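Colleague: Before we start, here is the structure in question, set down as structure tokens.
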Amino acid sequence: MPLTNREIAAMFENIADMLQIQGESIHRVSAYRNAAQAIRDLPRDVQAIADDGELETIPNVGKIIAEKLTELLTTGKLEFYERLSEEVPPGVVEILHLNGVGPKKAKMFWQDAGITSVDELEKQARAGKLRELSGMGVKSEAKILTAIESLKQHSAETRTPLGIALPSAEAILAQLLALPQAEHGVIAGSIRRARPTIGDVDLLVASDDAPPIMDRFVTMPEVEQVLGHGPTKSSVVLHNGLQADLRVLAAERWGTALQYFSGSQTHNIRIREMARAQGLSLNEHAFTPINGDGAEILCATEEAVYERLGLPWIPPELREDGGEIEAAQAGHLPNLITLEDIRSDLHMHTTWSDGKLSIRQMADAARARGRQFIVITDHSVSSAIANGLSAERLLEQQEEVRRIDAEMEPDFRVFHGVEMDIRADGTLDYPDEVLAQLDFVIASLHVSLQQPREQVTARVLNAIRNPYVDLIGHPRGQLILQRDPADLDMDAVIAAAAEHETALEINANPRRLDLEAQYARRAVEMGVRLAINTDAHTEEQLDQIRYGIMTARRAWVEPQSVINTLTLDEFIEWTQRRIRQGA
DNA sequence: GCCGTTTTCGGCCCGACTGTTTTCAGTCG
């Protein structure tokens with residue numbers, strides 16, 4: 001099996017950990033971490049990039065790391081990695097990942113006390129031995145035990161799906177903003193950047209009187225454990241395992257504070273380097289002249305921060321050092337899609353298969369949310385567990401769709417489609433004669449996602465080439481933090497989608513968010529149209545469209561690339577391209 | 001180990017909080 005980008009990235013992260021424990025220069029360690037991050041975010045397989053001889057075009061990959069990648073891809077092994085793994089016990093790396101333990105302590109536990117596993121560390125802590133080590137005391141020992149307990153409780157998984165983190169953050173922020181001392185506040189960090197998974201929640205509140213806000217924050221009912229409680233910054237762990245950090249700053253410093261706490265780290269490093277080039281040091285409080293006695297320059301808005309650096313405001317979803325600074329300098333920032341651009345929802349289920357509402361109820365619920373038209377897309381016959389429709393029932397359903405459409409026209413339209421299974425053998429679930437009678441056809445992978453790359457890719461390509469298939473639903477089939485995506489050759493999928501004018505979905509369900517941003521961005525660059533759909537099975541899930549919009553913005557997507565922004569007439573015309581394709 | 005309008009060497013963002021220390025190192029984001 002070829003190595004996935006994620007596996008390669010994990011290996012380089014591991015290298016960074018081991019080097020850091022060995023006391024290697026932080027800059028060399030960072031080089032491996034930066035390369036790992038870049039590889040994780042790539043929209044293409046490292047293997048494909050290597051085949052093109054372009055490894056060194058990957059950001060933060062230079063000659064040496066490119067050589068290591070080549071060795072890994074050609075031999076399946078990396079001698080450097082294997083040697084390091086023999087030198088540094090895996091348990092020591094695990095200890096490094098405990099909250100409050102860094103490379104210095106992990107190394108000390110190992111070298112000075114012979115501790116090479118979390119279990120052994122726990123034993124020594126319970127026996128009161130750790131406090132005897134230099135720099136350690138009773139409190140440090142207790143913190144170690146707390147960290148180990150937390151690791152057991154929440155397993156090794158440290159990230160939380162956006163769909164859980166965002167509502168949780170909104171609930172906490174609302175409590176803080178209810179306090180009279182709070183002027184205003186936002187959710188910053190990776191939630192604001194719309195990452196599909198969240199490491200911790202970053203909250204920012206403007207106030208001249210921070211202590212009461214801090215006190216409320218650390219005593220909220222959601223709080224399981226207080227990690228830190230200072231005058232302007234506090235950290236807690238919530239009962240759902242999520243870590244939340246709160247910073248409180250004066251309103252006149254809001255711009256620099258929000259810019260800083262929105263990240264990403266790599267974007268901020270670039271921004272601070274630009275400030276330094278202008279003789280300014282930038283932190284969350286202000287710009288400060290580096291040499292000399294110049295006064296602080298305060299920024300009350302983010303726009304003012306970017307303006308000081310000669311840049312237009314950069315939307316937070318783009319702040320990953322993925323070309324957004326260069327685009328801003330050139331005046332080429334994208335006009336990102338917003339919820340207001342969305343006219344339709346092209347993927348949802350009803351009681352005909354596994355949905356909770358009738359066709360009419362879904363239509364009313366979508367209309368109430370400002371949609372102008374929808375497509376009903378229940379499951380096809382293979383999805384027996386989801387009560388998938390036989391061809392007969394599908395056409396029976398069409399009569400009801402037509403009746404409701406006639407009732408609601410002209411201010412709302414209901415079209416008839418299907419979410420058709422791509423079967424394990426690559427065939428589709430209905431013959432073309434049936435598909436020809438539908439307004440819109442989604443083809444999706446639901447089974448045999450773990451097939452080898454060639455096989456699973458061939459199935460999707462077959463669906464893309466069918467002239468009746470308008471959209472590939474949740475193309476990679478991932479469930480965030482639960483199920484890995486299918487091992488699709490995304491270069492081939494995107495190229496075929498472009499050639500056959502088949503759209504690819506950004507499924508807005510926060511458990512999916514599939515396509516993820518890096519693939520959606522590449523698809524648009526290659527001329528593919530996207531759809532942003534809720535795949536709703538209930539009324540509430542129609543509101544999850546916001547997660548799809550967030551993901552699309554993160555992918556640099558503009559309204560014209562998304563078929564849900566089409567007017568009714570434009571949409572009907574777009575679906576007619578099947579005729580041009582000889583169907 | 002990467003990178004370049006300070007360019008092939010010499011930098012590499014910056015501050016808050018904690019615990020252990022009596023002035024700072026370690027960790028974190």
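As shown in the structure tokens, the chain order sets the letters A, B, ...; within each chain, residues go from 1, and ligands are also counted from 1 in the order they appear.
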Within 10 Å of Val101 in chain A, counting only C-alpha atoms (C1' of nucleotides), which residues qualify if same-chain residues fewer than 2 places away don't, as an NGL selection string?
Modeller: (:A and (95-99 or 103-107 or 140 or 143-144 or 147)) or (:B and (26-28))
Colleague: Could you list, as a PyMOL selection string, every residue within 12 Å of DG29 in chain B, counting only C-alpha atoms (C1' of nucleotides) and ignoring same-chain residues fewer than 3 positions away?
Modeller: (chain A and resi 189-190+199-202+233-235+243-247+260-265) or (chain B and resi 13-17)
Colleague: So that I can check the surroundings of Thr158 in chain A, please list as a list in words every protein, DNA and RNA residue that reaches within 9 Å of it, counting only C-alpha atoms (C1' of nucleotides) and ignoring chain neighbours fewer than 4 positions away.
Modeller: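 Result of the neighbour search: Leu151, His154, Ile198, Gly199, Asp200, Gly241 and Leu242 of chain A.
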Colleague: Suppose we keep all heavy atoms; can you now write the selection as a PDB file, in the first residue's frame?
Modeller:
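Heads up, here's the output in out.pdb:
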ATOM      1  N   LEU A 151      -5.386  12.180  29.648  1.00  0.00           N
ATOM      2  CA  LEU A 151      -5.049  11.388  28.453  1.00  0.00           C
ATOM      3  C   LEU A 151      -5.902  10.128  28.402  1.00  0.00           C
ATOM      4  O   LEU A 151      -6.427   9.749  27.362  1.00  0.00           O
ATOM      5  CB  LEU A 151      -3.562  11.024  28.485  1.00  0.00           C
ATOM      6  CG  LEU A 151      -3.076  10.109  27.353  1.00  0.00           C
ATOM      7  CD1 LEU A 151      -2.965  10.875  26.050  1.00  0.00           C
ATOM      8  CD2 LEU A 151      -1.730   9.501  27.699  1.00  0.00           C
ATOM      9  N   HIS A 154      -9.783  11.109  27.680  1.00  0.00           N
ATOM     10  CA  HIS A 154     -10.150  11.569  26.353  1.00  0.00           C
ATOM     11  C   HIS A 154      -9.338  10.869  25.278  1.00  0.00           C
ATOM     12  O   HIS A 154      -9.274  11.351  24.157  1.00  0.00           O
ATOM     13  CB  HIS A 154      -9.987  13.089  26.258  1.00  0.00           C
ATOM     14  CG  HIS A 154     -10.748  13.825  27.319  1.00  0.00           C
ATOM     15  ND1 HIS A 154     -12.102  13.774  27.412  1.00  0.00           N
ATOM     16  CD2 HIS A 154     -10.325  14.599  28.343  1.00  0.00           C
ATOM     17  CE1 HIS A 154     -12.498  14.497  28.451  1.00  0.00           C
ATOM     18  NE2 HIS A 154     -11.436  15.014  29.033  1.00  0.00           N
ATOM     19  N   ILE A 198     -10.810  21.004  15.457  1.00  0.00           N
ATOM     20  CA  ILE A 198     -10.359  22.095  16.308  1.00  0.00           C
ATOM     21  C   ILE A 198      -9.516  21.539  17.441  1.00  0.00           C
ATOM     22  O   ILE A 198      -9.909  20.562  18.088  1.00  0.00           O
ATOM     23  CB  ILE A 198     -11.599  22.820  16.903  1.00  0.00           C
ATOM     24  CG1 ILE A 198     -12.525  23.298  15.790  1.00  0.00           C
ATOM     25  CG2 ILE A 198     -11.178  23.965  17.812  1.00  0.00           C
ATOM     26  CD1 ILE A 198     -11.893  24.215  14.785  1.00  0.00           C
ATOM     27  N   GLY A 199      -8.348  22.136  17.666  1.00  0.00           N
ATOM     28  CA  GLY A 199      -7.505  21.727  18.785  1.00  0.00           C
ATOM     29  C   GLY A 199      -7.999  22.318  20.080  1.00  0.00           C
ATOM     30  O   GLY A 199      -8.189  21.620  21.073  1.00  0.00           O
ATOM     31  N   ASP A 200      -8.192  23.611  20.101  1.00  0.00           N
ATOM     32  CA  ASP A 200      -8.807  24.244  21.263  1.00  0.00           C
ATOM     33  C   ASP A 200      -9.568  25.486  20.842  1.00  0.00           C
ATOM     34  O   ASP A 200      -9.329  26.047  19.780  1.00  0.00           O
ATOM     35  CB  ASP A 200      -7.781  24.554  22.357  1.00  0.00           C
ATOM     36  CG  ASP A 200      -6.586  25.290  21.819  1.00  0.00           C
ATOM     37  OD1 ASP A 200      -6.776  26.211  21.002  1.00  0.00           O
ATOM     38  OD2 ASP A 200      -5.449  24.957  22.209  1.00  0.00           O
ATOM     39  N   GLY A 241     -14.189  17.496  26.859  1.00  0.00           N
ATOM     40  CA  GLY A 241     -12.803  17.224  26.500  1.00  0.00           C
ATOM     41  C   GLY A 241     -12.133  18.352  25.736  1.00  0.00           C
ATOM     42  O   GLY A 241     -10.929  18.314  25.480  1.00  0.00           O
ATOM     43  N   LEU A 242     -12.897  19.345  25.378  1.00  0.00           N
ATOM     44  CA  LEU A 242     -12.364  20.457  24.599  1.00  0.00           C
ATOM     45  C   LEU A 242     -11.632  21.441  25.513  1.00  0.00           C
ATOM     46  O   LEU A 242     -12.120  21.762  26.598  1.00  0.00           O
ATOM     47  CB  LEU A 242     -13.541  21.158  23.925  1.00  0.00           C
ATOM     48  CG  LEU A 242     -13.354  22.038  22.706  1.00  0.00           C
ATOM     49  CD1 LEU A 242     -12.598  21.320  21.611  1.00  0.00           C
ATOM     50  CD2 LEU A 242     -14.730  22.466  22.211  1.00  0.00           C
TER      51      LEU A 242
END
Colleague: Taking only residues of chain A that have an atom at most 9 Å from an atom of chain B, what is each one's shortest atom pair and its distance in Å to one decimal, using only C-alpha atoms (C1' of nucleotides), in chain and number order, as a Markdown table?
Modeller:
| residue | atom | partner | partner_atom | distance |
| --- | --- | --- | --- | --- |
| A:His27 | CA | B:DC12 | C1' | 6.7 |
| A:Arg28 | CA | B:DG1 | C1' | 4.9 |
| A:Val29 | CA | B:DG1 | C1' | 7.9 |
| A:Ser30 | CA | B:DG1 | C1' | 8.2 |
| A:Ala31 | CA | B:DG1 | C1' | 5.2 |
| A:Tyr32 | CA | B:DG1 | C1' | 7.3 |
| A:Asn60 | CA | B:DC2 | C1' | 6.0 |
| A:Val61 | CA | B:DC2 | C1' | 7.3 |
| A:Gly62 | CA | B:DC2 | C1' | 6.4 |
| A:Ile64 | CA | B:DG1 | C1' | 7.4 |
| A:Ile65 | CA | B:DG1 | C1' | 7.9 |
| A:Asn99 | CA | B:DT27 | C1' | 8.7 |
| A:Gly100 | CA | B:DT27 | C1' | 6.0 |
| A:Val101 | CA | B:DT27 | C1' | 7.0 |
| A:Gly102 | CA | B:DT27 | C1' | 6.2 |
| A:Lys104 | CA | B:DG26 | C1' | 7.5 |
| A:Lys105 | CA | B:DG26 | C1' | 8.3 |
| A:Gly135 | CA | B:DT20 | C1' | 6.1 |
| A:Met136 | CA | B:DT20 | C1' | 7.2 |
| A:Gly137 | CA | B:DT20 | C1' | 7.4 |
| A:Lys139 | CA | B:DG19 | C1' | 7.4 |
| A:Ser140 | CA | B:DG19 | C1' | 7.1 |
| A:Gly228 | CA | B:DC17 | C1' | 6.8 |
| A:His229 | CA | B:DC17 | C1' | 7.8 |
| A:Gly230 | CA | B:DC17 | C1' | 6.6 |
| A:Thr232 | CA | B:DA16 | C1' | 8.1 |
| A:Lys233 | CA | B:DA16 | C1' | 6.9 |
| A:Ser234 | CA | B:DC17 | C1' | 8.5 |
| A:Phe261 | CA | B:DG29 | C1' | 8.9 |
| A:Gln265 | CA | B:DG29 | C1' | 8.7 |
| A:Asn268 | CA | B:DC13 | C1' | 7.6 |
| A:Ile269 | CA | B:DC13 | C1' | 5.4 |
| A:Arg270 | CA | B:DC13 | C1' | 8.6 |
| A:Ile271 | CA | B:DC13 | C1' | 9.0 |
| A:Arg272 | CA | B:DC13 | C1' | 6.1 |
| A:Glu273 | CA | B:DC13 | C1' | 7.5 |
| A:Ser281 | CA | B:DC13 | C1' | 8.8 |
| A:Leu282 | CA | B:DC14 | C1' | 8.1 |
| A:Asn283 | CA | B:DC14 | C1' | 6.3 |
| A:Glu284 | CA | B:DG15 | C1' | 8.3 |
Colleague: Skip Val186 in chain A itself and residues of its chain fewer than 6 positions away, then list as a tab-separated table (two decimals) with C-alpha atoms, in the first residue's frame all residues within 8 Å of it, counting only C-alpha atoms (C1' of nucleotides).
Modeller:
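File written: result-v5.tsv
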chain	number	residue	atom	x	y	z
A	173	LEU	CA	-19.05	33.20	24.61
A	203	LEU	CA	-12.15	33.25	22.79
A	204	LEU	CA	-11.42	36.94	22.80
A	205	VAL	CA	-13.31	39.55	24.79
Colleague: Please identify which residues in range 52-287 of chain A DSSP calls strand (DSSP E) from the backbone, and express them as number ranges by chain.
Modeller: A: 160-161, 184-187, 197-198, 200-206, 223-229, 233-238, 243-249, 280-282, 287
Colleague: Run DSSP on the backbone and give me the residues of range 429-546 of chain A it puts in alpha helix (DSSP H), as a ChimeraX atom specification.
Modeller: /A:432-435,453-465,490-500,517-525,545-546
Colleague: Quick one: residues within 10 Å of range 534-540 of chain A, only C-alpha atoms (C1' of nucleotides) counted, chain neighbours fewer than 3 positions away excluded, as a PyMOL selection string?
Modeller: chain A and resi 345-351+353-358+361-366+376-378+419+473-474+505-510+513+531+543-548
Colleague: Please compute the CA of Val418 in chain A-CA of Gly388 in chain A distance, one decimal, in Å.
Modeller: 9.9 Å
